[in-house]
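See below for query.pdb, which holds PDB, C-alpha atoms and all ligand atoms.
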```pdb
ATOM      1  CA  MET Y 820       0.000   0.000   0.000
ATOM      2  CA  GLY Y 821       1.369   3.392  -0.974
ATOM      3  CA  SER Y 822       1.363   5.972   1.795
ATOM      4  CA  ALA Y 823      -0.918   8.938   1.090
ATOM      5  CA  VAL Y 824       0.850  12.281   0.717
ATOM      6  CA  ARG Y 825      -0.626  14.729   3.218
ATOM      7  CA  MET Y 826      -2.044  17.810   1.516
ATOM      8  CA  ARG Y 827      -0.465  21.014   2.719
ATOM      9  CA  ARG Y 828      -2.556  24.149   3.030
ATOM     10  CA  GLY Y 829      -1.355  27.727   2.587
ATOM     11  CA  VAL Y 830      -3.014  31.080   3.270
ATOM     12  CA  VAL Y 831      -1.812  34.122   1.325
ATOM     13  CA  THR Y 832      -3.093  37.633   2.064
ATOM     14  CA  GLY Y 833      -2.897  40.452  -0.480
ATOM     15  CA  ALA Y 834      -3.065  37.690  -3.083
ATOM     16  CA  GLY Y 835      -4.920  39.847  -5.583
ATOM     17  CA  SER Y 836      -1.758  41.568  -6.767
ATOM     18  CA  GLY Y 837       2.024  41.633  -6.960
ATOM     19  CA  ILE Y 838       4.014  39.547  -4.493
ATOM     20  CA  GLY Y 839       0.984  37.883  -2.855
ATOM     21  CA  LYS Y 840      -0.341  36.744  -6.218
ATOM     22  CA  ALA Y 841       3.084  35.349  -7.141
ATOM     23  CA  VAL Y 842       3.314  33.492  -3.806
ATOM     24  CA  ALA Y 843      -0.146  31.943  -4.267
ATOM     25  CA  THR Y 844       0.832  30.854  -7.782
ATOM     26  CA  ARG Y 845       4.112  29.370  -6.515
ATOM     27  CA  MET Y 846       2.299  27.461  -3.775
ATOM     28  CA  LEU Y 847      -0.118  25.981  -6.315
ATOM     29  CA  ARG Y 848       2.875  24.850  -8.361
ATOM     30  CA  GLU Y 849       4.349  23.198  -5.254
ATOM     31  CA  GLY Y 850       1.129  21.211  -4.778
ATOM     32  CA  VAL Y 851      -0.218  23.267  -1.873
ATOM     33  CA  ASP Y 852      -3.955  23.928  -1.391
ATOM     34  CA  VAL Y 853      -4.191  27.729  -1.336
ATOM     35  CA  LEU Y 854      -6.627  30.119   0.305
ATOM     36  CA  ALA Y 855      -6.063  33.446  -1.473
ATOM     37  CA  VAL Y 856      -7.279  36.539   0.395
ATOM     38  CA  ASP Y 857      -7.661  40.169  -0.631
ATOM     39  CA  ILE Y 858      -9.794  43.183   0.235
ATOM     40  CA  ASP Y 859     -10.820  43.263  -3.426
ATOM     41  CA  ALA Y 860     -12.228  39.827  -4.333
ATOM     42  CA  ARG Y 861     -12.418  40.788  -8.030
ATOM     43  CA  LYS Y 862      -8.608  40.712  -8.159
ATOM     44  CA  LEU Y 863      -8.683  37.034  -7.130
ATOM     45  CA  ALA Y 864     -10.574  35.744 -10.198
ATOM     46  CA  GLU Y 865      -7.438  34.501 -11.977
ATOM     47  CA  LEU Y 866      -6.267  32.595  -8.899
ATOM     48  CA  ALA Y 867      -9.751  31.101  -8.452
ATOM     49  CA  ALA Y 868      -9.620  29.880 -12.048
ATOM     50  CA  ALA Y 869      -6.181  28.388 -11.340
ATOM     51  CA  GLY Y 870      -7.578  26.391  -8.414
ATOM     52  CA  CYS Y 871      -7.283  28.623  -5.315
ATOM     53  CA  GLU Y 872     -10.012  28.965  -2.765
ATOM     54  CA  ILE Y 873     -10.661  32.721  -2.442
ATOM     55  CA  MET Y 874     -11.881  35.127   0.227
ATOM     56  CA  GLY Y 875     -12.606  38.860  -0.017
ATOM     57  CA  VAL Y 876     -12.094  40.506   3.388
ATOM     58  CA  ASP Y 877     -10.684  43.727   4.817
ATOM     59  CA  LEU Y 878      -7.870  42.593   7.114
ATOM     60  CA  ALA Y 879      -7.796  45.969   8.862
ATOM     61  CA  ASP Y 880     -11.201  45.033  10.206
ATOM     62  CA  GLU Y 881     -11.596  42.777  13.268
ATOM     63  CA  SER Y 882     -14.489  40.811  11.834
ATOM     64  CA  GLY Y 883     -12.615  40.328   8.548
ATOM     65  CA  ARG Y 884      -9.674  38.874  10.471
ATOM     66  CA  ALA Y 885     -11.983  36.649  12.545
ATOM     67  CA  THR Y 886     -13.519  35.221   9.360
ATOM     68  CA  LEU Y 887     -10.071  34.480   7.971
ATOM     69  CA  ALA Y 888      -8.773  32.999  11.256
ATOM     70  CA  GLU Y 889     -11.688  30.572  11.274
ATOM     71  CA  ALA Y 890     -11.006  29.478   7.689
ATOM     72  CA  ALA Y 891      -7.229  29.288   8.233
ATOM     73  CA  ALA Y 892      -7.264  26.809  11.135
ATOM     74  CA  GLY Y 893      -4.943  23.895  10.416
ATOM     75  CA  ALA Y 894      -2.906  25.705   7.758
ATOM     76  CA  ASP Y 895       0.743  24.809   7.142
ATOM     77  CA  TYR Y 896       1.720  28.208   5.725
ATOM     78  CA  LEU Y 897       0.674  31.823   6.220
ATOM     79  CA  VAL Y 898       2.090  34.656   4.121
ATOM     80  CA  ASN Y 899       0.996  38.149   5.138
ATOM     81  CA  SER Y 900       1.532  40.101   1.927
ATOM     82  CA  HIS Y 901      -1.347  42.592   2.110
ATOM     83  CA  GLY Y 902      -0.314  46.191   2.567
ATOM     84  CA  VAL Y 903      -0.734  49.795   1.506
ATOM     85  CA  ILE Y 904       1.703  52.658   1.046
ATOM     86  CA  LEU Y 905       1.217  56.395   1.376
ATOM     87  CA  VAL Y 906       3.590  58.761  -0.395
ATOM     88  CA  LYS Y 907       3.436  62.088   1.446
ATOM     89  CA  SER Y 908       5.876  64.553   2.948
ATOM     90  CA  ILE Y 909       6.647  63.596   6.552
ATOM     91  CA  PHE Y 910       5.445  67.071   7.637
ATOM     92  CA  ASP Y 911       2.025  66.678   5.998
ATOM     93  CA  VAL Y 912       1.076  63.294   7.497
ATOM     94  CA  SER Y 913      -2.217  63.498   9.442
ATOM     95  CA  ILE Y 914      -3.255  61.396  12.410
ATOM     96  CA  GLU Y 915      -5.804  59.657  10.149
ATOM     97  CA  ASP Y 916      -3.037  58.825   7.633
ATOM     98  CA  TRP Y 917      -0.875  57.431  10.424
ATOM     99  CA  ARG Y 918      -3.631  55.301  11.967
ATOM    100  CA  ARG Y 919      -4.793  53.887   8.633
ATOM    101  CA  ILE Y 920      -1.304  52.762   7.593
ATOM    102  CA  GLN Y 921      -0.553  51.200  10.992
ATOM    103  CA  ALA Y 922      -3.968  49.462  11.040
ATOM    104  CA  VAL Y 923      -3.650  47.913   7.586
ATOM    105  CA  ASN Y 924       0.064  47.108   7.594
ATOM    106  CA  ALA Y 925       1.028  46.394  11.219
ATOM    107  CA  GLU Y 926      -1.952  45.912  13.566
ATOM    108  CA  SER Y 927      -3.510  43.379  11.163
ATOM    109  CA  VAL Y 928      -0.280  41.360  10.985
ATOM    110  CA  PHE Y 929      -0.025  41.226  14.798
ATOM    111  CA  PHE Y 930      -3.565  39.894  15.173
ATOM    112  CA  LEU Y 931      -3.329  37.500  12.216
ATOM    113  CA  CYS Y 932      -0.216  35.950  13.794
ATOM    114  CA  GLN Y 933      -1.985  35.878  17.179
ATOM    115  CA  GLN Y 934      -5.184  34.308  15.886
ATOM    116  CA  ILE Y 935      -3.858  31.962  13.200
ATOM    117  CA  GLY Y 936      -0.374  31.027  14.516
ATOM    118  CA  PRO Y 937      -1.505  28.830  17.449
ATOM    119  CA  ARG Y 938      -3.963  26.987  15.168
ATOM    120  CA  MET Y 939      -1.406  26.147  12.487
ATOM    121  CA  LYS Y 940      -0.028  22.657  11.921
ATOM    122  CA  PRO Y 941       3.107  21.898  13.932
ATOM    123  CA  GLY Y 942       6.032  22.310  11.525
ATOM    124  CA  GLY Y 943       4.255  25.166   9.781
ATOM    125  CA  ALA Y 944       5.672  28.573   8.916
ATOM    126  CA  ILE Y 945       4.675  32.225   8.616
ATOM    127  CA  VAL Y 946       6.331  34.872   6.440
ATOM    128  CA  ASN Y 947       5.483  38.535   7.053
ATOM    129  CA  LEU Y 948       6.184  41.132   4.357
ATOM    130  CA  SER Y 949       8.331  43.879   5.854
ATOM    131  CA  SER Y 950      10.461  46.117   3.617
ATOM    132  CA  SER Y 951      13.970  47.488   3.226
ATOM    133  CA  SER Y 952      12.403  50.754   4.440
ATOM    134  CA  SER Y 953      12.370  49.174   7.921
ATOM    135  CA  LYS Y 954      16.153  49.558   7.933
ATOM    136  CA  LEU Y 955      16.701  52.842   6.119
ATOM    137  CA  ALA Y 956      16.599  56.498   7.170
ATOM    138  CA  SER Y 957      15.862  57.887   3.715
ATOM    139  CA  THR Y 958      12.117  57.316   4.029
ATOM    140  CA  VAL Y 959      10.826  60.862   4.589
ATOM    141  CA  GLU Y 960       8.267  60.467   1.803
ATOM    142  CA  VAL Y 961       6.885  57.176   3.200
ATOM    143  CA  ALA Y 962       7.478  57.590   6.953
ATOM    144  CA  PRO Y 963       4.264  55.961   8.315
ATOM    145  CA  TYR Y 964       4.782  53.045   5.915
ATOM    146  CA  ALA Y 965       8.424  52.607   7.033
ATOM    147  CA  ALA Y 966       7.290  52.698  10.685
ATOM    148  CA  SER Y 967       4.662  50.020  10.008
ATOM    149  CA  LYS Y 968       7.253  47.824   8.309
ATOM    150  CA  THR Y 969       9.674  48.277  11.250
ATOM    151  CA  THR Y 970       6.861  47.237  13.597
ATOM    152  CA  ILE Y 971       6.472  44.063  11.534
ATOM    153  CA  LEU Y 972      10.070  43.108  12.396
ATOM    154  CA  SER Y 973       9.276  43.314  16.094
ATOM    155  CA  ILE Y 974       5.983  41.428  15.653
ATOM    156  CA  THR Y 975       7.892  38.736  13.752
ATOM    157  CA  ARG Y 976      10.482  38.328  16.510
ATOM    158  CA  SER Y 977       7.817  38.158  19.244
ATOM    159  CA  PHE Y 978       5.742  35.509  17.478
ATOM    160  CA  ALA Y 979       8.837  33.542  16.464
ATOM    161  CA  TYR Y 980       9.560  33.200  20.188
ATOM    162  CA  ALA Y 981       5.923  32.607  21.165
ATOM    163  CA  LEU Y 982       5.283  29.900  18.561
ATOM    164  CA  ALA Y 983       8.691  28.172  18.595
ATOM    165  CA  SER Y 984       7.576  25.343  20.886
ATOM    166  CA  ARG Y 985       4.694  24.388  18.579
ATOM    167  CA  PRO Y 986       6.866  24.559  16.376
ATOM    168  CA  VAL Y 987       5.694  27.231  13.938
ATOM    169  CA  ARG Y 988       8.498  29.336  12.462
ATOM    170  CA  VAL Y 989       7.959  33.064  11.846
ATOM    171  CA  ASN Y 990      10.228  35.104   9.575
ATOM    172  CA  ALA Y 991      10.053  38.466   7.835
ATOM    173  CA  ILE Y 992      11.301  39.323   4.375
ATOM    174  CA  CYS Y 993      12.506  42.835   3.565
ATOM    175  CA  PRO Y 994      12.211  43.467  -0.184
ATOM    176  CA  GLY Y 995      13.838  46.483  -1.801
ATOM    177  CA  ILE Y 996      12.356  47.149  -5.239
ATOM    178  CA  VAL Y 997       9.974  44.531  -6.599
ATOM    179  CA  ASP Y 998       8.174  45.255  -9.844
ATOM    180  CA  THR Y 999       4.485  45.334  -8.787
ATOM    181  CA  PRO Y1000       1.509  47.732  -8.942
ATOM    182  CA  MET Y1001       2.529  49.106  -5.510
ATOM    183  CA  GLN Y1002       5.933  50.036  -6.920
ATOM    184  CA  ASP Y1003       4.215  51.865  -9.819
ATOM    185  CA  ASN Y1004       2.174  53.837  -7.262
ATOM    186  CA  VAL Y1005       5.312  54.761  -5.352
ATOM    187  CA  LEU Y1006       7.064  56.019  -8.476
ATOM    188  CA  ALA Y1007       4.008  58.052  -9.493
ATOM    189  CA  GLY Y1008       3.618  59.509  -5.971
ATOM    190  CA  VAL Y1009       7.275  60.395  -5.525
ATOM    191  CA  SER Y1010       7.534  61.942  -8.993
ATOM    192  CA  THR Y1011       4.591  64.233  -8.157
ATOM    193  CA  LEU Y1012       6.077  65.145  -4.770
ATOM    194  CA  ARG Y1013       9.523  65.890  -6.237
ATOM    195  CA  ARG Y1014       8.258  67.227  -9.569
ATOM    196  CA  THR Y1015      10.490  64.831 -11.487
ATOM    197  CA  GLU Y1016       9.892  62.430 -14.351
ATOM    198  CA  VAL Y1017       8.993  58.833 -13.448
ATOM    199  CA  ALA Y1018      11.608  57.520 -15.905
ATOM    200  CA  ALA Y1019      14.411  59.581 -14.304
ATOM    201  CA  LEU Y1020      13.343  58.459 -10.857
ATOM    202  CA  GLU Y1021      13.224  54.836 -11.892
ATOM    203  CA  GLU Y1022      16.680  55.071 -13.409
ATOM    204  CA  ALA Y1023      18.150  56.640 -10.244
ATOM    205  CA  ARG Y1024      16.536  53.994  -8.038
ATOM    206  CA  THR Y1025      17.828  51.140 -10.163
ATOM    207  CA  ARG Y1026      21.318  52.654 -10.020
ATOM    208  CA  ALA Y1027      21.186  52.371  -6.225
ATOM    209  CA  VAL Y1028      20.787  48.586  -6.488
ATOM    210  CA  PRO Y1029      24.175  46.821  -6.743
ATOM    211  CA  LEU Y1030      22.629  44.090  -8.925
ATOM    212  CA  GLY Y1031      21.382  46.895 -11.190
ATOM    213  CA  ARG Y1032      17.710  45.988 -11.501
ATOM    214  CA  ALA Y1033      14.386  45.578  -9.740
ATOM    215  CA  ALA Y1034      13.280  42.069  -8.769
ATOM    216  CA  SER Y1035      10.250  40.339 -10.230
ATOM    217  CA  ALA Y1036       7.384  39.268  -7.983
ATOM    218  CA  ASP Y1037       8.127  35.650  -8.939
ATOM    219  CA  GLU Y1038      11.715  35.966  -7.698
ATOM    220  CA  CYS Y1039      10.448  37.359  -4.412
ATOM    221  CA  ALA Y1040       7.943  34.488  -4.178
ATOM    222  CA  GLY Y1041      10.893  32.103  -4.608
ATOM    223  CA  ALA Y1042      12.681  33.575  -1.578
ATOM    224  CA  ILE Y1043       9.434  33.432   0.429
ATOM    225  CA  TRP Y1044       8.913  29.805  -0.584
ATOM    226  CA  PHE Y1045      12.418  29.016   0.659
ATOM    227  CA  LEU Y1046      11.567  30.549   4.065
ATOM    228  CA  LEU Y1047       8.347  28.511   4.233
ATOM    229  CA  SER Y1048       9.987  25.266   3.191
ATOM    230  CA  ASP Y1049      11.860  22.737   5.300
ATOM    231  CA  GLU Y1050      15.094  24.030   3.704
ATOM    232  CA  ALA Y1051      14.731  26.884   6.234
ATOM    233  CA  ALA Y1052      13.759  24.590   9.142
ATOM    234  CA  TYR Y1053      16.370  26.176  11.456
ATOM    235  CA  MET Y1054      15.433  29.785  10.629
ATOM    236  CA  THR Y1055      12.964  31.708  12.755
ATOM    237  CA  GLY Y1056      12.669  35.320  13.936
ATOM    238  CA  GLN Y1057      14.761  36.562  11.002
ATOM    239  CA  ALA Y1058      14.482  39.692   8.863
ATOM    240  CA  VAL Y1059      15.791  38.473   5.515
ATOM    241  CA  ASN Y1060      16.873  41.120   3.012
ATOM    242  CA  PHE Y1061      15.734  40.775  -0.583
ATOM    243  CA  THR Y1062      17.275  43.907  -2.052
ATOM    244  CA  GLY Y1063      19.774  43.061  -4.796
ATOM    245  CA  GLY Y1064      22.492  44.131  -2.351
ATOM    246  CA  MET Y1065      20.964  47.550  -1.567
ATOM    247  CA  VAL Y1066      20.658  46.680   2.126
ATOM    248  CA  THR Y1067      23.069  44.186   3.667
ATOM    249  CA  TRP Y1068      22.378  44.322   7.401
TER     250      TRP Y1068
HETATM  251  N1  LIG Y1101       6.761  45.939  -4.340
HETATM  252  C1  LIG Y1101       7.780  46.266  -3.581
HETATM  253  O1  LIG Y1101       8.802  46.785  -4.077
HETATM  254  C2  LIG Y1101       7.762  46.018  -2.097
HETATM  255  C3  LIG Y1101       8.920  46.338  -1.375
HETATM  256  C4  LIG Y1101       8.932  46.122  -0.014
HETATM  257  C5  LIG Y1101       7.833  45.568   0.628
HETATM  258  N2  LIG Y1101       6.709  45.269  -0.101
HETATM  259  C6  LIG Y1101       5.565  44.707   0.641
HETATM  260  O2  LIG Y1101       5.131  43.514   0.032
HETATM  261  C7  LIG Y1101       3.730  43.349   0.188
HETATM  262  C8  LIG Y1101       3.095  43.136  -1.186
HETATM  263  O3  LIG Y1101       3.365  44.284  -1.975
HETATM  264  P1  LIG Y1101       3.004  44.380  -3.505
HETATM  265  O4  LIG Y1101       4.057  45.194  -4.131
HETATM  266  O5  LIG Y1101       2.669  43.039  -4.013
HETATM  267  O6  LIG Y1101       1.682  45.314  -3.382
HETATM  268  P2  LIG Y1101       0.343  45.354  -4.252
HETATM  269  O7  LIG Y1101      -0.257  46.694  -3.991
HETATM  270  O8  LIG Y1101       0.621  44.943  -5.639
HETATM  271  O9  LIG Y1101      -0.556  44.228  -3.538
HETATM  272  C9  LIG Y1101      -1.049  44.389  -2.229
HETATM  273  C10 LIG Y1101      -2.409  43.733  -2.119
HETATM  274  O10 LIG Y1101      -2.895  43.896  -0.769
HETATM  275  C11 LIG Y1101      -4.282  44.116  -0.831
HETATM  276  N3  LIG Y1101      -4.763  44.811   0.378
HETATM  277  C12 LIG Y1101      -4.537  46.103   0.718
HETATM  278  N4  LIG Y1101      -5.164  46.408   1.852
HETATM  279  C13 LIG Y1101      -5.802  45.283   2.268
HETATM  280  C14 LIG Y1101      -6.641  44.972   3.372
HETATM  281  N5  LIG Y1101      -6.958  45.906   4.288
HETATM  282  N6  LIG Y1101      -7.119  43.717   3.490
HETATM  283  C15 LIG Y1101      -6.821  42.772   2.554
HETATM  284  N7  LIG Y1101      -6.046  43.013   1.477
HETATM  285  C16 LIG Y1101      -5.545  44.253   1.334
HETATM  286  C17 LIG Y1101      -4.471  44.978  -2.089
HETATM  287  O11 LIG Y1101      -5.811  44.951  -2.561
HETATM  288  C18 LIG Y1101      -3.465  44.359  -3.052
HETATM  289  O12 LIG Y1101      -4.068  43.378  -3.877
HETATM  290  C19 LIG Y1101       3.220  44.623   0.888
HETATM  291  O13 LIG Y1101       3.085  44.369   2.264
HETATM  292  C20 LIG Y1101       4.337  45.615   0.627
HETATM  293  O14 LIG Y1101       4.392  46.611   1.623
HETATM  294  C21 LIG Y1101       6.652  45.480  -1.447
END
```
Please rewrite the model in this file as structure tokens.
Amino acid sequence: MGSAVRMRRGVVTGAGSGIGKAVATRMLREGVDVLAVDIDARKLAELAAAGCEIMGVDLADESGRATLAEAAAGADYLVNSHGVILVKSIFDVSIEDWRRIQAVNAESVFFLCQQIGPRMKPGGAIVNLSSSSSKLASTVEVAPYAASKTTILSITRSFAYALASRPVRVNAICPGIVDTPMQDNVLAGVSTLRRTEVAALEEARTRAVPLGRAASADECAGAIWFLLSDEAAYMTGQAVNFTGGMVTW
């Protein structure tokens, strides 16, 4: 009698676009059952057609998170890739701006780890999307975003410790420039703020990357898959750079 291969189950937030979509697609390719989640369910149609289960919920909302936590019980993998960015001068940021960015990007990740982590399969893993902006000072145009991504590093360390005995591993990845719709928004926002051309801005940013280019979402999904997989079985609580050499600490 052949032994049955146990199906693994993965939950990916922000799966409607960019890195989250690439992670969900990678998981499908690895034979994982995927629950793809986004605030905008229309963006999940392609993944549904490819075989993902889908869920449209606002993860900044407590009831949205509760619905997901219920559905995610028993998962092997959780990737928190949802997020929003605000490009605004640090001196113009309002309290509403600040609260919204922290709620979507940081508060939600804390409570998703809290509510889903203890119900995951032993041996499972979580990857939280931080950013190279968590380690840089030159973030005056995205300060609330950078603060939220720094908070994610602390959340990651705390839950890595809290869930280690299960064991569920918890790591963060810190991408630099990944070619996604969010990156297009950043370039458009910064070019307006600085009154410069998008093309010139893009060129200057690429020059700052030692490897000389942006990453694709699929490449980033590859690094995330490594952190989820047993290849990274001894890694937890880490903030792994994915920056083409732009950040090395
Ligand atoms: N692209 C980059 O260069 C880059 C660099 C560093 C970090 N990141 C981080 O990686 C993650 C993915 O980024 P991306 O570039 O793929 O962005 P993206 O904008 O392409 O995708 C983000 C997705 O999150 C969803 N989302 C937003 N708010 C939500 C909410 N409240 N509830 C549920 N879903 C919500 C959006 O609808 C969208 O589909 C983000 O956390 C981002 O901060 C991206």
From the list Y:Met846, Y:Ala1007, Y:Ala965, Y:Ala867, which residue is nearest Y:Met826 when using all atoms listed in the file?
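Ranking Y:Met846, Y:Ala1007, Y:Ala965, Y:Ala867 by distance to Y:Met826, first place goes to Y:Met846.
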Please identify all polymer residues within 9 Å of Y:Lys968, counting all atoms listed in the file, omitting same-chain residues fewer than 5 positions from it, and present them as a PyMOL selection string.
chain Y and resi 921+924-925+948-953+963+993
List every residue of chain Y that has an atom at most 7 Å from any atom of ligand LIG 1101 (chain Y), giving for each one its closest atom pair and the distance in Å to one decimal, counting only C-alpha atoms and all ligand atoms, sorted by chain and then by ascending residue number, as a tab-separated table.
```
residue	atom	partner	partner_atom	distance
Y:Thr832	CA	Y:LIG1101	N7	6.2
Y:Gly833	CA	Y:LIG1101	O10	3.5
Y:Ala834	CA	Y:LIG1101	O12	5.8
Y:Gly835	CA	Y:LIG1101	O12	4.0
Y:Ser836	CA	Y:LIG1101	O12	4.1
Y:Gly837	CA	Y:LIG1101	O5	3.3
Y:Ile838	CA	Y:LIG1101	O5	3.8
Y:Gly839	CA	Y:LIG1101	O5	5.5
Y:Val856	CA	Y:LIG1101	C15	6.6
Y:Asp857	CA	Y:LIG1101	N7	3.9
Y:Ile858	CA	Y:LIG1101	C15	3.8
Y:Asp859	CA	Y:LIG1101	O11	5.4
Y:Lys862	CA	Y:LIG1101	O12	6.8
Y:Val876	CA	Y:LIG1101	C15	5.8
Y:Asp877	CA	Y:LIG1101	N6	3.8
Y:Leu878	CA	Y:LIG1101	N6	3.9
Y:Ala879	CA	Y:LIG1101	N5	4.7
Y:Ser900	CA	Y:LIG1101	C7	4.3
Y:His901	CA	Y:LIG1101	O10	3.5
Y:Gly902	CA	Y:LIG1101	O13	3.9
Y:Val903	CA	Y:LIG1101	C12	5.4
Y:Ile904	CA	Y:LIG1101	O14	6.6
Y:Val923	CA	Y:LIG1101	N5	5.1
Y:Asn924	CA	Y:LIG1101	O13	6.7
Y:Leu948	CA	Y:LIG1101	O13	4.9
Y:Ser949	CA	Y:LIG1101	C5	5.5
Y:Ser950	CA	Y:LIG1101	C4	3.9
Y:Ser951	CA	Y:LIG1101	C4	6.1
Y:Cys993	CA	Y:LIG1101	C4	6.0
Y:Pro994	CA	Y:LIG1101	C4	4.2
Y:Gly995	CA	Y:LIG1101	C3	4.9
Y:Ile996	CA	Y:LIG1101	O1	3.8
Y:Val997	CA	Y:LIG1101	O1	3.6
Y:Asp998	CA	Y:LIG1101	N1	5.7
Y:Thr999	CA	Y:LIG1101	O4	4.7
Y:Pro1000	CA	Y:LIG1101	O8	4.4
Y:Met1001	CA	Y:LIG1101	O7	4.0
Y:Gln1002	CA	Y:LIG1101	N1	4.9
```
Got time to write the residues from that selection, C-alpha atoms, as an mmCIF file, keeping the file's coordinate frame?
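That gives us again_29.cif:
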```cif
data_model
loop_
_atom_site.group_PDB
_atom_site.id
_atom_site.type_symbol
_atom_site.label_atom_id
_atom_site.label_comp_id
_atom_site.auth_asym_id
_atom_site.auth_seq_id
_atom_site.Cartn_x
_atom_site.Cartn_y
_atom_site.Cartn_z
ATOM 1 C CA THR Y 832 -3.093 37.633 2.064
ATOM 2 C CA GLY Y 833 -2.897 40.452 -0.480
ATOM 3 C CA ALA Y 834 -3.065 37.690 -3.083
ATOM 4 C CA GLY Y 835 -4.920 39.847 -5.583
ATOM 5 C CA SER Y 836 -1.758 41.568 -6.767
ATOM 6 C CA GLY Y 837 2.024 41.633 -6.960
ATOM 7 C CA ILE Y 838 4.014 39.547 -4.493
ATOM 8 C CA GLY Y 839 0.984 37.883 -2.855
ATOM 9 C CA VAL Y 856 -7.279 36.539 0.395
ATOM 10 C CA ASP Y 857 -7.661 40.169 -0.631
ATOM 11 C CA ILE Y 858 -9.794 43.183 0.235
ATOM 12 C CA ASP Y 859 -10.820 43.263 -3.426
ATOM 13 C CA LYS Y 862 -8.608 40.712 -8.159
ATOM 14 C CA VAL Y 876 -12.094 40.506 3.388
ATOM 15 C CA ASP Y 877 -10.684 43.727 4.817
ATOM 16 C CA LEU Y 878 -7.870 42.593 7.114
ATOM 17 C CA ALA Y 879 -7.796 45.969 8.862
ATOM 18 C CA SER Y 900 1.532 40.101 1.927
ATOM 19 C CA HIS Y 901 -1.347 42.592 2.110
ATOM 20 C CA GLY Y 902 -0.314 46.191 2.567
ATOM 21 C CA VAL Y 903 -0.734 49.795 1.506
ATOM 22 C CA ILE Y 904 1.703 52.658 1.046
ATOM 23 C CA VAL Y 923 -3.650 47.913 7.586
ATOM 24 C CA ASN Y 924 0.064 47.108 7.594
ATOM 25 C CA LEU Y 948 6.184 41.132 4.357
ATOM 26 C CA SER Y 949 8.331 43.879 5.854
ATOM 27 C CA SER Y 950 10.461 46.117 3.617
ATOM 28 C CA SER Y 951 13.970 47.488 3.226
ATOM 29 C CA CYS Y 993 12.506 42.835 3.565
ATOM 30 C CA PRO Y 994 12.211 43.467 -0.184
ATOM 31 C CA GLY Y 995 13.838 46.483 -1.801
ATOM 32 C CA ILE Y 996 12.356 47.149 -5.239
ATOM 33 C CA VAL Y 997 9.974 44.531 -6.599
ATOM 34 C CA ASP Y 998 8.174 45.255 -9.844
ATOM 35 C CA THR Y 999 4.485 45.334 -8.787
ATOM 36 C CA PRO Y 1000 1.509 47.732 -8.942
ATOM 37 C CA MET Y 1001 2.529 49.106 -5.510
ATOM 38 C CA GLN Y 1002 5.933 50.036 -6.920
#
```
I need the output of the PyMOL selection byres (((chain Y and resi 1041-1057) around 8) and not hetatm) for this file as a list in words; which residues are they?
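Expected selection for the PyMOL selection byres (((chain Y and resi 1041-1057) around 8) and not hetatm) here is Val842, Arg845, Met846, Tyr896, Gly943, Ala944, Ile945, Val946, Thr975, Arg976, Ser977, Phe978, Ala979, Tyr980, Arg988, Val989, Asn990, Ala991, Ile992, Asp1037, Glu1038, Cys1039, Ala1040, Ala1058, Val1059 and Phe1061 of chain Y.
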With distances taken over all atoms listed in the file, which of Y:Val1005, Y:Gly1064, Y:Val853, Y:Leu1012 is nearest to Y:Arg1026?
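Of all the options, Y:Gly1064 lies closest to Y:Arg1026.
Picked by the PyMOL selection byres (((chain Y and resi 960) around 10) and not hetatm) from the coordinates shown: Leu905, Val906, Lys907, Ser908, Ile909, Phe910, Asp911, Val912, Ser957, Thr958, Val959, Val961, Ala962, Pro963, Tyr964, Ala965, Val1005, Gly1008, Val1009, Leu1012 and Arg1013 of chain Y.
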Save the residues we just selected, C-alpha atoms, as a PDB file, keeping the file's coordinate frame?
```
ATOM      1  CA  LEU Y 905       1.217  56.395   1.376  1.00  0.00           C
ATOM      2  CA  VAL Y 906       3.590  58.761  -0.395  1.00  0.00           C
ATOM      3  CA  LYS Y 907       3.436  62.088   1.446  1.00  0.00           C
ATOM      4  CA  SER Y 908       5.876  64.553   2.948  1.00  0.00           C
ATOM      5  CA  ILE Y 909       6.647  63.596   6.552  1.00  0.00           C
ATOM      6  CA  PHE Y 910       5.445  67.071   7.637  1.00  0.00           C
ATOM      7  CA  ASP Y 911       2.025  66.678   5.998  1.00  0.00           C
ATOM      8  CA  VAL Y 912       1.076  63.294   7.497  1.00  0.00           C
ATOM      9  CA  SER Y 957      15.862  57.887   3.715  1.00  0.00           C
ATOM     10  CA  THR Y 958      12.117  57.316   4.029  1.00  0.00           C
ATOM     11  CA  VAL Y 959      10.826  60.862   4.589  1.00  0.00           C
ATOM     12  CA  VAL Y 961       6.885  57.176   3.200  1.00  0.00           C
ATOM     13  CA  ALA Y 962       7.478  57.590   6.953  1.00  0.00           C
ATOM     14  CA  PRO Y 963       4.264  55.961   8.315  1.00  0.00           C
ATOM     15  CA  TYR Y 964       4.782  53.045   5.915  1.00  0.00           C
ATOM     16  CA  ALA Y 965       8.424  52.607   7.033  1.00  0.00           C
ATOM     17  CA  VAL Y1005       5.312  54.761  -5.352  1.00  0.00           C
ATOM     18  CA  GLY Y1008       3.618  59.509  -5.971  1.00  0.00           C
ATOM     19  CA  VAL Y1009       7.275  60.395  -5.525  1.00  0.00           C
ATOM     20  CA  LEU Y1012       6.077  65.145  -4.770  1.00  0.00           C
ATOM     21  CA  ARG Y1013       9.523  65.890  -6.237  1.00  0.00           C
TER      22      ARG Y1013
END
```
Picked residues, the PyMOL selection byres (((chain Y and resi 828) around 12) and not hetatm), expected as a ChimeraX atom specification
/Y:825-827,829-831,843,846-847,849-855,871-872,890-898,939-940,943-944,1047
